[in-house]
Each structure stands twice: as structure tokens, then as C-alpha cells.
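So this one's upload.csv, CSV, C-alpha atoms:
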chain,number,residue,atom,x,y,z
A,1,MET,CA,82.6,101.0,122.5
A,2,LEU,CA,80.6,97.9,121.6
A,3,LEU,CA,81.8,98.1,118.0
A,4,TRP,CA,85.4,98.0,119.2
A,5,ILE,CA,84.7,95.0,121.4
A,6,PHE,CA,83.0,93.1,118.6
A,7,GLY,CA,85.7,94.0,116.1
A,8,ILE,CA,88.5,92.8,118.4
A,9,LEU,CA,86.5,89.7,119.2
A,10,PHE,CA,86.1,89.0,115.5
A,11,PHE,CA,89.8,89.4,114.9
A,12,ALA,CA,90.7,87.3,117.9
A,13,ILE,CA,88.4,84.4,116.8
A,14,THR,CA,89.4,84.3,113.1
A,15,PHE,CA,93.0,85.5,112.7
A,16,GLY,CA,94.7,83.1,115.0
A,17,PRO,CA,93.1,79.9,113.6
A,18,ARG,CA,93.7,81.2,110.0
A,19,PHE,CA,97.3,81.9,110.7
A,20,PHE,CA,98.0,78.4,112.1
A,21,THR,CA,96.0,76.9,109.2
A,22,LEU,CA,98.5,78.7,107.0
A,23,MET,CA,101.5,77.5,109.0
A,24,ASN,CA,100.1,73.9,108.8
A,25,PHE,CA,100.0,74.2,105.0
A,26,GLY,CA,96.2,74.6,104.8
A,27,TYR,CA,96.1,77.1,101.9
A,28,GLY,CA,96.9,76.5,98.2
A,29,PHE,CA,98.3,78.3,95.2
A,30,LEU,CA,95.3,80.0,93.7
A,31,ASP,CA,94.0,81.5,97.0
A,32,LEU,CA,97.3,82.5,98.5
A,33,GLY,CA,100.4,81.1,96.8
A,34,LEU,CA,99.9,83.3,93.7
A,35,TYR,CA,99.6,86.5,95.7
A,36,SER,CA,102.6,85.4,97.8
A,37,GLN,CA,104.7,85.0,94.6
A,38,PHE,CA,103.6,88.4,93.4
A,39,PHE,CA,104.4,90.0,96.8
A,40,ASN,CA,107.9,88.6,96.8
A,41,ASP,CA,108.5,89.6,93.1
A,42,LEU,CA,107.9,93.2,94.1
A,43,THR,CA,111.1,93.3,96.0
A,44,GLN,CA,113.0,92.1,92.9
A,45,GLY,CA,111.5,95.0,90.9
A,46,PHE,CA,109.0,92.8,88.9
A,47,TYR,CA,105.8,94.8,89.0
A,48,ASN,CA,104.0,92.5,86.6
A,49,PRO,CA,105.8,89.2,87.0
A,50,TYR,CA,105.4,86.1,84.8
A,51,ILE,CA,103.7,83.2,86.6
A,52,PRO,CA,105.3,80.0,85.4
A,53,SER,CA,102.5,77.7,86.8
A,54,LEU,CA,99.8,79.5,84.8
A,55,LYS,CA,102.0,80.7,81.9
A,56,LYS,CA,100.7,84.3,82.0
A,57,MET,CA,101.6,87.6,83.4
A,58,PHE,CA,100.2,88.3,86.9
A,59,PHE,CA,98.0,91.3,85.9
A,60,THR,CA,96.5,89.3,83.0
A,61,LEU,CA,95.4,86.7,85.6
A,62,ARG,CA,94.5,89.2,88.3
A,63,PRO,CA,93.9,92.7,87.0
A,64,GLU,CA,94.4,94.2,90.4
A,65,PRO,CA,96.7,97.2,90.2
A,66,LEU,CA,95.9,98.3,93.8
A,67,LEU,CA,98.2,95.5,94.9
A,68,LEU,CA,101.2,97.6,93.9
A,69,ALA,CA,100.5,99.6,97.0
A,70,LEU,CA,102.1,96.7,98.9
A,71,TRP,CA,105.5,97.5,97.3
A,72,PRO,CA,106.8,99.6,100.2
A,73,LEU,CA,105.7,96.9,102.7
A,74,SER,CA,107.5,94.2,100.7
A,75,TYR,CA,110.8,95.6,101.8
A,76,ASN,CA,109.9,94.9,105.4
A,77,THR,CA,108.1,91.6,105.2
A,78,THR,CA,106.9,89.2,102.5
A,79,HIS,CA,105.3,86.7,104.8
A,80,PRO,CA,102.0,85.4,103.4
A,81,ALA,CA,100.2,86.2,106.7
A,82,VAL,CA,100.1,89.8,105.5
A,83,PHE,CA,97.3,88.8,103.1
A,84,LEU,CA,95.4,87.1,106.0
A,85,PHE,CA,95.6,90.3,107.9
A,86,LEU,CA,94.3,92.3,104.9
A,87,ASP,CA,91.3,90.0,104.8
A,88,GLU,CA,90.5,90.8,108.4
A,89,VAL,CA,90.9,94.5,107.9
A,90,ALA,CA,88.7,94.5,104.8
A,91,VAL,CA,85.8,92.8,106.6
A,92,ILE,CA,86.0,95.0,109.7
A,93,THR,CA,86.3,98.2,107.7
A,94,ALA,CA,83.2,97.2,105.6
A,95,ALA,CA,81.2,96.4,108.7
A,96,ALA,CA,82.2,99.8,110.2
A,97,VAL,CA,81.2,101.7,107.1
A,98,CYS,CA,77.8,100.1,107.0
A,99,ALA,CA,77.3,100.6,110.7
A,100,ASN,CA,78.1,104.3,110.3
A,101,PHE,CA,75.7,104.6,107.4
A,102,THR,CA,73.0,102.9,109.5
A,103,TRP,CA,73.6,105.3,112.4
A,104,ARG,CA,73.3,108.3,110.2
A,105,LYS,CA,70.1,107.1,108.7
A,106,THR,CA,68.4,105.8,111.9
A,107,GLN,CA,70.1,107.3,114.9
A,108,SER,CA,69.6,103.8,116.5
A,109,SER,CA,72.5,102.3,118.2
A,110,ALA,CA,70.8,98.9,118.4
A,111,ILE,CA,70.4,98.4,114.6
A,112,SER,CA,73.8,99.9,113.9
A,113,ILE,CA,75.5,97.3,116.2
A,114,ALA,CA,73.3,94.6,114.7
A,115,ILE,CA,74.4,95.5,111.1
A,116,PHE,CA,78.1,95.6,112.3
A,117,VAL,CA,77.8,92.2,113.9
A,118,SER,CA,75.8,90.7,111.0
A,119,ILE,CA,78.5,91.6,108.5
A,120,LEU,CA,81.4,90.5,110.7
A,121,PHE,CA,79.9,87.2,111.5
A,122,SER,CA,78.0,86.7,108.2
A,123,PRO,CA,78.0,82.9,107.5
A,124,LEU,CA,79.1,83.7,103.9
A,125,LEU,CA,82.1,85.8,105.0
A,126,MET,CA,83.0,83.3,107.7
A,127,ASP,CA,82.9,80.5,105.1
A,128,SER,CA,85.1,82.6,102.8
A,129,LEU,CA,87.6,83.1,105.6
A,130,HIS,CA,88.2,79.4,105.6
A,131,THR,CA,89.9,80.0,102.3
A,132,SER,CA,92.3,82.9,101.9
A,133,SER,CA,92.7,86.2,100.1
A,134,SER,CA,89.7,86.2,97.8
A,135,ILE,CA,88.6,89.3,95.9
A,136,GLU,CA,85.2,88.9,97.5
A,137,LEU,CA,86.7,89.8,100.9
A,138,TRP,CA,89.0,92.6,99.7
A,139,ALA,CA,86.1,94.3,97.8
A,140,GLN,CA,83.9,94.6,100.8
A,141,PRO,CA,85.1,98.0,102.1
A,142,PHE,CA,85.1,99.6,98.7
A,143,LEU,CA,81.7,98.3,97.8
A,144,ALA,CA,80.4,99.5,101.2
A,145,LEU,CA,81.9,103.0,100.7
A,146,LEU,CA,80.6,103.3,97.1
A,147,PHE,CA,77.0,102.1,97.9
A,148,THR,CA,76.6,104.0,101.1
A,149,GLU,CA,77.5,107.1,99.2
A,150,TYR,CA,75.1,106.1,96.4
A,151,PHE,CA,72.2,105.6,98.8
A,152,SER,CA,72.9,108.9,100.7
A,153,ARG,CA,74.5,112.1,99.3
A,154,ARG,CA,76.0,111.0,96.0
A,155,ARG,CA,78.8,113.6,96.1
A,156,PRO,CA,80.7,113.5,92.8
A,157,LEU,CA,84.2,113.5,94.4
A,158,GLN,CA,83.4,110.7,96.8
A,159,MET,CA,81.6,108.6,94.3
A,160,GLY,CA,84.5,109.0,91.9
A,161,ALA,CA,87.1,108.2,94.6
A,162,TRP,CA,85.4,105.0,95.9
A,163,PHE,CA,84.6,103.8,92.3
A,164,SER,CA,88.2,104.4,91.3
A,165,LEU,CA,89.6,102.4,94.3
A,166,LEU,CA,87.1,99.6,93.6
A,167,CYS,CA,88.3,99.5,89.9
A,168,LEU,CA,91.9,99.6,91.0
A,169,LEU,CA,91.3,96.6,93.3
A,170,ASN,CA,90.0,94.7,90.3
A,171,LEU,CA,89.5,96.3,86.9
A,172,ASN,CA,86.5,94.1,86.2
A,173,PHE,CA,84.4,96.2,88.6
A,174,CYS,CA,84.2,98.9,86.0
A,175,VAL,CA,81.0,97.0,84.8
A,176,LEU,CA,79.2,98.6,87.7
A,177,ALA,CA,79.1,101.8,85.6
A,178,ILE,CA,76.5,100.1,83.5
A,179,LEU,CA,74.0,100.7,86.3
A,180,ILE,CA,75.6,103.5,88.4
A,181,LEU,CA,75.6,105.9,85.4
A,182,PRO,CA,71.8,105.7,84.5
A,183,LEU,CA,70.6,105.3,88.0
A,184,SER,CA,72.6,108.3,89.2
A,185,LEU,CA,71.3,110.4,86.3
A,186,LEU,CA,67.7,109.4,86.5
A,187,THR,CA,66.9,108.8,90.2
A,188,GLN,CA,66.7,110.8,93.5
A,189,GLY,CA,64.7,113.8,94.5
A,190,ASN,CA,64.3,117.2,93.0
A,191,ARG,CA,66.8,118.7,95.4
A,192,TRP,CA,69.5,116.9,93.4
A,193,LYS,CA,70.2,119.3,90.6
A,194,PHE,CA,70.9,118.4,87.1
A,195,LYS,CA,74.4,119.8,87.2
A,196,ARG,CA,75.3,117.5,90.0
A,197,ARG,CA,73.9,114.5,88.2
A,198,VAL,CA,76.1,115.2,85.2
A,199,GLU,CA,79.1,115.6,87.4
A,200,VAL,CA,78.6,112.2,88.9
A,201,GLY,CA,77.9,110.6,85.6
A,202,LEU,CA,80.9,112.2,84.0
A,203,THR,CA,83.2,111.1,86.8
A,204,ILE,CA,81.9,107.5,86.7
A,205,SER,CA,82.2,107.4,82.9
A,206,ILE,CA,85.8,108.6,82.9
A,207,VAL,CA,86.9,106.1,85.6
A,208,SER,CA,85.2,103.2,83.8
A,209,ILE,CA,86.8,104.1,80.4
A,210,ILE,CA,90.3,104.3,82.0
A,211,ALA,CA,89.6,100.9,83.7
A,212,MET,CA,88.6,99.4,80.3
A,213,GLY,CA,91.8,100.8,78.8
A,214,LEU,CA,93.9,99.2,81.6
A,215,LEU,CA,92.2,95.9,81.1
A,216,HIS,CA,93.1,96.0,77.4
A,217,PHE,CA,96.7,97.0,78.3
A,218,PHE,CA,97.0,94.0,80.6
A,219,GLN,CA,95.5,91.7,77.9
A,220,SER,CA,92.6,90.9,80.2
A,221,GLU,CA,88.9,91.3,79.4
A,222,VAL,CA,85.5,91.8,80.8
A,223,ALA,CA,83.2,88.8,80.6
A,224,PHE,CA,79.7,87.8,81.7
A,225,GLU,CA,78.5,84.3,82.4
A,226,THR,CA,74.9,83.4,83.1
A,227,GLN,CA,75.2,79.6,82.6
A,228,TYR,CA,74.8,77.6,85.9
A,229,LEU,CA,74.3,80.9,87.7
A,230,TRP,CA,71.6,79.6,90.0
A,231,GLY,CA,73.4,76.3,90.7
A,232,ILE,CA,76.5,78.2,91.7
A,233,SER,CA,75.0,81.2,93.5
A,234,GLY,CA,71.6,80.0,94.5
A,235,PRO,CA,72.3,78.3,97.9
A,236,GLY,CA,74.5,81.1,99.1
A,237,MET,CA,72.1,83.8,97.9
A,238,ILE,CA,69.2,82.2,99.8
A,239,LYS,CA,71.3,82.0,103.0
A,240,LEU,CA,72.3,85.7,102.6
A,241,LEU,CA,68.7,86.9,102.0
A,242,LEU,CA,67.4,84.8,104.9
A,243,LEU,CA,70.1,86.3,107.1
A,244,PHE,CA,68.6,89.8,106.4
A,245,TRP,CA,65.0,88.5,106.4
A,246,VAL,CA,64.5,88.9,102.7
A,247,VAL,CA,64.1,92.7,103.1
A,248,PRO,CA,66.9,93.6,100.6
A,249,VAL,CA,64.8,92.2,97.6
A,250,LEU,CA,62.4,95.1,98.2
A,251,VAL,CA,65.0,97.6,97.2
A,252,PRO,CA,65.2,97.6,93.3
A,253,GLU,CA,68.7,99.0,93.1
A,254,ILE,CA,70.1,96.3,95.3
A,255,VAL,CA,68.5,93.6,93.2
A,256,LEU,CA,69.9,95.1,90.0
A,257,PHE,CA,73.4,95.6,91.3
A,258,SER,CA,73.4,92.1,92.8
A,259,VAL,CA,72.5,90.5,89.5
A,260,LEU,CA,75.1,92.5,87.6
A,261,LEU,CA,77.8,91.5,90.1
A,262,LEU,CA,76.8,87.8,90.0
A,263,VAL,CA,76.9,87.5,86.2
A,264,THR,CA,80.3,89.3,86.0
A,265,VAL,CA,83.3,87.0,85.6
A,266,ILE,CA,86.1,88.1,87.9
A,267,ASN,CA,89.5,86.5,87.8
A,268,GLY,CA,88.3,83.9,85.4
A,269,GLN,CA,85.5,82.5,87.5
A,270,HIS,CA,81.9,83.2,88.6
A,271,THR,CA,81.5,85.7,91.4
A,272,THR,CA,79.7,84.3,94.5
A,273,PRO,CA,77.1,85.9,96.9
A,274,ILE,CA,80.0,86.5,99.3
A,275,LEU,CA,80.7,89.6,97.2
A,276,LEU,CA,77.2,90.9,98.0
A,277,VAL,CA,77.3,90.9,101.8
A,278,SER,CA,78.0,94.6,102.4
A,279,LEU,CA,75.5,95.6,99.6
A,280,VAL,CA,72.7,93.4,100.9
A,281,ALA,CA,73.3,94.5,104.5
A,282,LEU,CA,72.3,98.0,103.4
A,283,GLY,CA,68.9,96.7,102.1
A,284,PRO,CA,66.9,96.8,105.4
A,285,ILE,CA,68.1,100.3,106.2
A,286,VAL,CA,67.4,101.8,102.8
A,287,PHE,CA,64.0,100.1,102.6
A,288,PHE,CA,62.8,101.3,106.1
A,289,GLU,CA,64.2,104.8,105.4
A,290,ARG,CA,62.2,105.1,102.3
A,291,LEU,CA,59.1,104.0,104.2
A,292,LYS,CA,59.9,106.9,106.7
A,293,ILE,CA,59.4,104.8,109.8
A,294,SER,CA,62.2,106.4,111.8
A,295,LYS,CA,59.6,107.6,114.3
A,296,TYR,CA,59.1,103.9,115.3
A,297,PRO,CA,62.3,103.0,117.1
A,298,ARG,CA,60.9,99.8,118.4
A,299,LEU,CA,60.9,98.4,114.9
A,300,TYR,CA,64.6,98.9,114.6
A,301,GLN,CA,65.1,97.1,117.9
A,302,VAL,CA,63.1,94.1,116.7
A,303,LEU,CA,65.1,94.1,113.4
A,304,ALA,CA,68.3,94.2,115.4
A,305,CYS,CA,67.4,91.2,117.5
A,306,ALA,CA,66.3,89.3,114.3
A,307,LEU,CA,69.6,90.0,112.5
A,308,ILE,CA,71.8,89.0,115.4
A,309,SER,CA,69.7,85.8,116.0
A,310,SER,CA,69.9,84.8,112.3
A,311,CYS,CA,73.7,85.4,112.4
A,312,ILE,CA,74.2,83.3,115.5
A,313,TYR,CA,72.0,80.5,114.1
A,314,TYR,CA,73.7,80.2,110.8
A,315,ASN,CA,77.1,80.2,112.4
A,316,LEU,CA,76.2,77.5,114.9
A,317,ILE,CA,74.8,75.1,112.2
A,318,SER,CA,77.9,75.6,109.9
A,319,SER,CA,80.5,72.9,109.5
A,320,ASP,CA,83.0,74.8,111.5
A,321,PRO,CA,81.2,77.1,114.0
A,322,PHE,CA,83.3,80.3,114.7
A,323,PHE,CA,86.4,78.5,113.5
A,324,GLY,CA,86.4,76.2,116.5
A,325,PHE,CA,88.6,78.8,118.2
A,326,TRP,CA,88.3,76.9,121.5
A,327,LYS,CA,90.2,73.9,120.1
A,328,PRO,CA,93.9,73.7,121.1
A,329,GLU,CA,95.0,72.4,117.7
A,330,ARG,CA,93.7,75.6,116.0
A,331,TRP,CA,96.5,77.6,117.9
A,332,ALA,CA,99.5,75.5,117.2
A,333,ILE,CA,101.8,74.2,114.4
A,334,SER,CA,101.9,70.4,114.6
A,335,ASP,CA,105.2,68.7,115.3
A,336,GLU,CA,105.2,67.0,112.0
A,337,ASN,CA,104.6,70.2,110.1
A,338,LYS,CA,107.4,71.8,112.0
A,339,LYS,CA,109.7,69.1,110.5
A,340,VAL,CA,108.3,69.9,107.0
A,341,HIS,CA,109.2,73.6,107.5
A,342,GLU,CA,112.7,72.5,108.3
A,343,ILE,CA,112.8,70.4,105.1
A,344,MET,CA,111.9,73.4,103.1
A,345,THR,CA,114.9,75.3,104.4
A,346,HIS,CA,117.2,72.6,102.8
A,347,ILE,CA,116.2,73.5,99.3
A,348,PRO,CA,118.9,75.7,97.6
A,349,ALA,CA,117.5,79.2,97.0
A,350,LEU,CA,118.6,79.5,93.4
A,351,ASP,CA,117.6,76.1,92.1
A,352,THR,CA,114.4,75.6,90.1
A,353,LEU,CA,111.5,74.1,92.2
A,354,ALA,CA,108.1,72.5,91.6
A,355,ALA,CA,106.0,72.1,94.7
A,356,SER,CA,102.6,70.9,95.8
A,357,SER,CA,100.0,73.7,95.9
A,358,CYS,CA,99.9,73.8,99.7
A,359,PHE,CA,103.6,74.7,100.0
A,360,THR,CA,103.6,77.6,97.5
A,361,PRO,CA,102.6,80.4,99.9
A,362,PHE,CA,106.0,79.9,101.6
A,363,LEU,CA,108.0,79.6,98.4
A,364,GLY,CA,107.1,82.9,96.7
A,365,ASN,CA,110.6,84.2,96.9
A,366,ARG,CA,111.7,81.8,94.2
A,367,LEU,CA,111.5,83.2,90.7
A,368,SER,CA,111.5,79.7,89.2
A,369,LEU,CA,108.7,78.3,91.4
A,370,MET,CA,105.9,76.4,89.8
A,371,THR,CA,103.1,74.1,91.0
A,372,LEU,CA,103.7,70.4,90.7
A,373,SER,CA,100.5,70.0,88.7
A,374,SER,CA,101.7,72.4,86.0
A,375,VAL,CA,105.0,70.6,85.2
A,376,ASN,CA,105.2,69.3,81.7
A,377,TRP,CA,107.0,66.0,82.2
A,378,ARG,CA,107.7,65.7,78.5
A,379,GLN,CA,110.0,68.7,78.3
A,380,PRO,CA,113.7,68.2,78.6
A,381,GLU,CA,114.2,71.0,81.2
A,382,LEU,CA,112.6,69.7,84.4
A,383,PRO,CA,112.8,71.4,87.8
A,384,ARG,CA,115.9,70.6,89.9
A,385,TYR,CA,113.9,70.0,93.0
A,386,ILE,CA,110.4,68.7,93.7
A,387,LEU,CA,108.6,69.1,97.0
A,388,THR,CA,105.5,67.0,97.1
A,389,ARG,CA,102.8,66.1,99.6
A,390,ASN,CA,100.8,63.0,98.8
A,391,GLU,CA,101.3,63.5,95.0
A,392,VAL,CA,102.9,60.8,93.0
A,393,VAL,CA,106.1,61.5,90.9
A,394,THR,CA,106.8,58.7,88.6
A,395,SER,CA,109.6,60.3,86.6
A,396,PRO,CA,112.8,58.1,86.8
A,397,SER,CA,114.9,61.3,86.7
A,398,PHE,CA,114.2,62.1,90.4
A,399,SER,CA,115.3,60.4,93.6
A,400,LYS,CA,114.2,61.0,97.2
A,401,ILE,CA,116.5,62.8,99.5
A,402,GLU,CA,114.2,63.6,102.5
A,403,GLU,CA,110.8,62.3,103.6
A,404,ASN,CA,108.2,62.9,106.3
A,405,VAL,CA,106.1,59.8,106.3
A,406,LYS,CA,103.3,61.0,108.6
A,407,THR,CA,102.5,64.0,106.4
A,408,GLY,CA,103.3,62.3,103.1
A,409,THR,CA,105.9,65.0,102.3
A,410,ARG,CA,108.9,64.1,100.1
A,411,LEU,CA,111.8,66.2,98.8
A,412,LEU,CA,113.1,64.9,95.5
A,413,VAL,CA,116.1,66.0,93.4
A,414,ARG,CA,116.8,65.5,89.7
A,415,PHE,CA,120.0,63.5,89.2
A,416,LYS,CA,120.0,63.2,85.4
Now, as a test, write the supplied structure out as C-alpha cells.
Amino acid sequence: MLLWIFGILFFAITFGPRFFTLMNFGYGFLDLGLYSQFFNDLTQGFYNPYIPSLKKMFFTLRPEPLLLALWPLSYNTTHPAVFLFLDEVAVITAAAVCANFTWRKTQSSAISIAIFVSILFSPLLMDSLHTSSSIELWAQPFLALLFTEYFSRRRPLQMGAWFSLLCLLNLNFCVLAILILPLSLLTQGNRWKFKRRVEVGLTISIVSIIAMGLLHFFQSEVAFETQYLWGISGPGMIKLLLLFWVVPVLVPEIVLFSVLLLVTVINGQHTTPILLVSLVALGPIVFFERLKISKYPRLYQVLACALISSCIYYNLISSDPFFGFWKPERWAISDENKKVHEIMTHIPALDTLAASSCFTPFLGNRLSLMTLSSVNWRQPELPRYILTRNEVVTSPSFSKIEENVKTGTRLLVRFK
């Protein structure tokens, strides 16, 4: 019952403020506008659309075939808030999977609830939710399912299924086979027969080979980057380890998987410690299970109190504690932004359009949409309309037809 209460509380605290941040144009092209454009293109029958702003096909930029599962939904709604909802579902599901694993290993309701709460309100995930639709969020439930199976029964069918879904979410996750394969073959007790080890190894190998083939098909590639790794990941990694009282570093497999994920380039950029939240959360449970201290339930109660205390502390000292859900402005669209939404309805649907990044999540239904920063002003064919917020357009070919001074929003049209 408490898990339900905390899950609903998390959704209530985070989804509302995030939705109104979206409606007040708080998200940009790369975190939501790109996915919104893909989502809308699905209804037009474009399953791998060309993205004019980045001059590449979508799956080359984001090798995430699992997004095609949104195709049936796209006929009912293409509102970008769908992706905000998916973020919430992903985090809650990951927390539930880890809590279930904790209960199976410890039979302690206190530590199970603490793991659930620590993941939901992890300072790294809460910070990530201030942006939108990142692969680090969507990967949480699949990573949780894969690693809970790895640290428990390692059934071939389940290992293959969760690894397949993770790779379909983003094909770059096939690099995990580099460690899963040898560790599955060479570790665990004698009760795990050789035949079963081979079955798991064969399943993981086949899935990773198919994923590599799809990466080649989409003209994408696997890349590793160690330069500036500590500068990018260090502060977040320290915060994550302190949240779980540094116990995860005592589990060798978690350290190895964490390093591999951090050096892997996903969607053209360094991964961040946000990706490791579900994995690191399993660390204390795996470590204490290996020490066989289940006969000391008091220790789990102390650990539960420590985890929840750390979680509350890091949230309170953050720049935006618990999304400031008590503030009235987090639950409303400002009057000026309502006027901007009205301006957007005045743009003819079939004309070419370049827009500031913050407007792109709402303009994904336009096949000709591009971000204003990607416009080549030297080419003869310029967009018919420009929607800009606090970005200067100096081209003499455009004239202003509408303006909202308080938000710095202007709608321009090309007249020659």
C-alpha cells in the first residue's frame, strides 16, 4: 500500500509542474521537439523521417526502434505531453522492479520501501526530470529488469527478453554484452549448470549481433569516449554514491557495468550517472546478500532510514526542491504564453516554418519544420514563416506580422 502512495505522490509532484513547464515553452528541440516531430511523422507513414534541422534521418540520430511502438497511439494523440508521461512511467516502473527484487532478497518491507523511494526521488532523476524525454530516464525500467535478473536467477529467456528490449530502446546498449557475456559464463555458484550458462551466453550474443546489424543499417555506430569523463560524470557520480552510502562500489560487477555505460556514447553524447540510478540502487542489496546478513533485520532498518534521509537531504538542497510543487505558477499557463499559443495557430499549416527551439514540441506536425538556429541564410529557399523568441533575425526578406513584447515572441513572414 505504501508503494502505491509514494508512486502516486511522485506522479502528482512531478507531472503537473512538468506539464505546465511544457505549456509555457520550457523545453527545447533536442530534449522534446525532435521526438515530437518523429511522433507526428508516424501518422503520415514516415517511420524513419528526415529531420531538416539536423540534416539526418531520425534513426541515425536516435537509434531507438522501440519508439515505433508509439505508432498506434499516434492516431489518437500526438501531444508532446505523451513523452512526459512516459518519463514518469519509466521511473516508477524501475523503482517498483528494484523494490520487488529487494523484497525477494531480504523479506524486509522497510528496505524495500526505502529503495523504492530512493529511486523515485533520487536527486539525479529529479534533476533529469527538469529536462524532458532523455534516454537515461527511459532506460531505467529495462536496466532494472536486466540487472535484477542478472543478480538473481539468470534465466535465459528473461535475460534475452530484457536485453532485447533494452537494445531496441537504444541500439547502443548492445555494448553491455561485452561484460554480460563473460560474467554470465564465468560467475555464479555450482548449481548453475554449464548448459544454462551457454544458453544465456548464446542468447546475449545473438541479440547483440542483431543490434550491431541494425546500427549499421541505420548508418549509426557504437562509440566510446573517455576524454573529460570525470569532469562530466564526477560530481553526479559522487552524489549518487553518497545517496547509497558508497556501498555499491563494494560490488565488482556494478563498478564494471557503471564504467562501461559511462564511457559509451549514446545519441552522440556522453552518458551521465543518471543512467546508473537503478543499477547502483541494487548495490546495497546485492552486497548484504552476499555477506548473508539476512538474519540481522535491524541492519536493513538502519539502512532504510539512511537511504531515505539521504534522499530527502539532497532534494532539499537542490536548486528546485521537489519541483516547487506548492508554487501556484507551477500549475498554470501564464497569460502571455496563452497569447503565444494563439499566435501559433495563425501560421498556415502547409507553409515552411523555422522556429525557436522552445516552440518545436508543439510544431511537430509540420513536415517542413526546422529550428531557427539551423537555417542557412545564404540559400535562396528560406522558410516562409519564422517564429522567434528573443532571437534576432536580420534578413531583409522578412517582416513582422505579430508580436508579443513581454515574451519576446515575433511571427515573421517572408515577402520576397
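Ranking A:Phe224, A:Phe19, A:Tyr314, A:Phe151 by their shortest atom-to-atom distance to A:His270, with all atoms listed in the file included, puts A:Phe224 first.
Here the question is which of A:Leu34, A:Leu179, A:Ile115, A:Cys305 gets nearest to A:Leu256 using all atoms listed in the file, and that residue is A:Leu179.
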Excluding A:Ile113 and its own-chain neighbours fewer than 5 positions away, which residues fall within 9 Å of it when counting only C-alpha atoms? Please give them as a PyMOL selection string.
chain A and resi 2-3+6+99+108+118+304
Output C-alpha atoms for every residue in that selection, as a compact mmCIF listing (two decimals), in the coordinates of the input.
# COMPACT_ATOMS: atom_id res chain seq x y z
CA LEU A 2 80.60 97.90 121.60
CA LEU A 3 81.80 98.10 118.00
CA PHE A 6 83.00 93.10 118.60
CA ALA A 99 77.30 100.60 110.70
CA SER A 108 69.60 103.80 116.50
CA SER A 118 75.80 90.70 111.00
CA ALA A 304 68.30 94.20 115.40
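When only C-alpha atoms are used to measure the gap to A:Phe20, the shortest distance among A:Ser334, A:Ser278, A:Ser258, A:Asn376 belongs to A:Ser334.
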Just to confirm, what's the straight-line distance from atom CA of A:Phe362 to atom CA of A:Gln219 in Å (one decimal)?
28.5 Å
Hey, could you make a per-residue contact list for stretch 33-131 of chain A against stretch 285-297 of chain A with 8 Å as the cut-off, showing the nearest pair of atoms and its distance in Å to one decimal, counting only C-alpha atoms, sorted by chain and number, as a Markdown table?
| residue | atom | partner | partner_atom | distance |
| --- | --- | --- | --- | --- |
| A:Thr102 | CA | A:Ile285 | CA | 6.5 |
| A:Lys105 | CA | A:Glu289 | CA | 7.1 |
| A:Thr106 | CA | A:Ser294 | CA | 6.2 |
| A:Ser108 | CA | A:Pro297 | CA | 7.4 |
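Atom CA of A:Leu61 is found 20.5 Å from atom CA of A:Phe359.
Remark: for A:Cys98, the closest of the candidate residues A:Leu9, A:Leu262, A:Leu145, A:Val222 is A:Leu145 (distances computed over only C-alpha atoms).
Among the candidates A:Val246, A:Ala223, A:Ile209, A:Val175, the one nearest to A:Gly268 when counting all atoms listed in the file is A:Ala223.
Atom CA of A:Tyr228 lies 26.9 Å from atom CA of A:Ser373.
Using all atoms listed in the file, the shortest contact distance between A:Leu42 and any of A:Phe25, A:Trp245, A:Trp71, A:Phe15 is found at A:Trp71.
Residues with any atom within 9 Å of A:Leu54, counting only C-alpha atoms and excluding same-chain neighbours fewer than 5 positions away, are Leu61, Met370, Thr371 and Ser374 of chain A.
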Please produce a file of those selected residues containing C-alpha atoms, as a PDB file, keeping the file's coordinate frame.
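See result_4.pdb below for the written result:
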ATOM      1  CA  LEU A  61      95.400  86.700  85.600  1.00  0.00           C
ATOM      2  CA  MET A 370     105.900  76.400  89.800  1.00  0.00           C
ATOM      3  CA  THR A 371     103.100  74.100  91.000  1.00  0.00           C
ATOM      4  CA  SER A 374     101.700  72.400  86.000  1.00  0.00           C
TER       5      SER A 374
END
List the spatial neighbours of stretch 409-416 of chain A as JSON, numbers by chain - criterion: any atom at most 6 Å away, all atoms listed in the file, same-chain residues fewer than 5 positions off excluded.
{"A": [384, 385, 386, 387, 388, 389, 397, 398, 399, 400, 401, 402, 403, 404]}
May I have the selected residues written with C-alpha atoms, as a JSON list (two decimals), keeping the file's coordinate frame?
[["chain", "number", "residue", "atom", "x", "y", "z"],
["A", 384, "ARG", "CA", 115.90, 70.60, 89.90],
["A", 385, "TYR", "CA", 113.90, 70.00, 93.00],
["A", 386, "ILE", "CA", 110.40, 68.70, 93.70],
["A", 387, "LEU", "CA", 108.60, 69.10, 97.00],
["A", 388, "THR", "CA", 105.50, 67.00, 97.10],
["A", 389, "ARG", "CA", 102.80, 66.10, 99.60],
["A", 397, "SER", "CA", 114.90, 61.30, 86.70],
["A", 398, "PHE", "CA", 114.20, 62.10, 90.40],
["A", 399, "SER", "CA", 115.30, 60.40, 93.60],
["A", 400, "LYS", "CA", 114.20, 61.00, 97.20],
["A", 401, "ILE", "CA", 116.50, 62.80, 99.50],
["A", 402, "GLU", "CA", 114.20, 63.60, 102.50],
["A", 403, "GLU", "CA", 110.80, 62.30, 103.60],
["A", 404, "ASN", "CA", 108.20, 62.90, 106.30]]
Non-local contacts of stretch 121-128 of chain A (9 Å; all atoms listed in the file; under 3 positions in same chain excluded) as number ranges by chain:
A: 10, 14, 91, 116-118, 131-134, 136-137, 236, 239-240, 243, 273-275, 277, 311-312, 314-315, 318, 320, 322-323
If you count all atoms listed in the file, which residues fall within 12 Å of A:Val82, apart from same-chain ones fewer than 6 positions away, as a count of residues only?
18
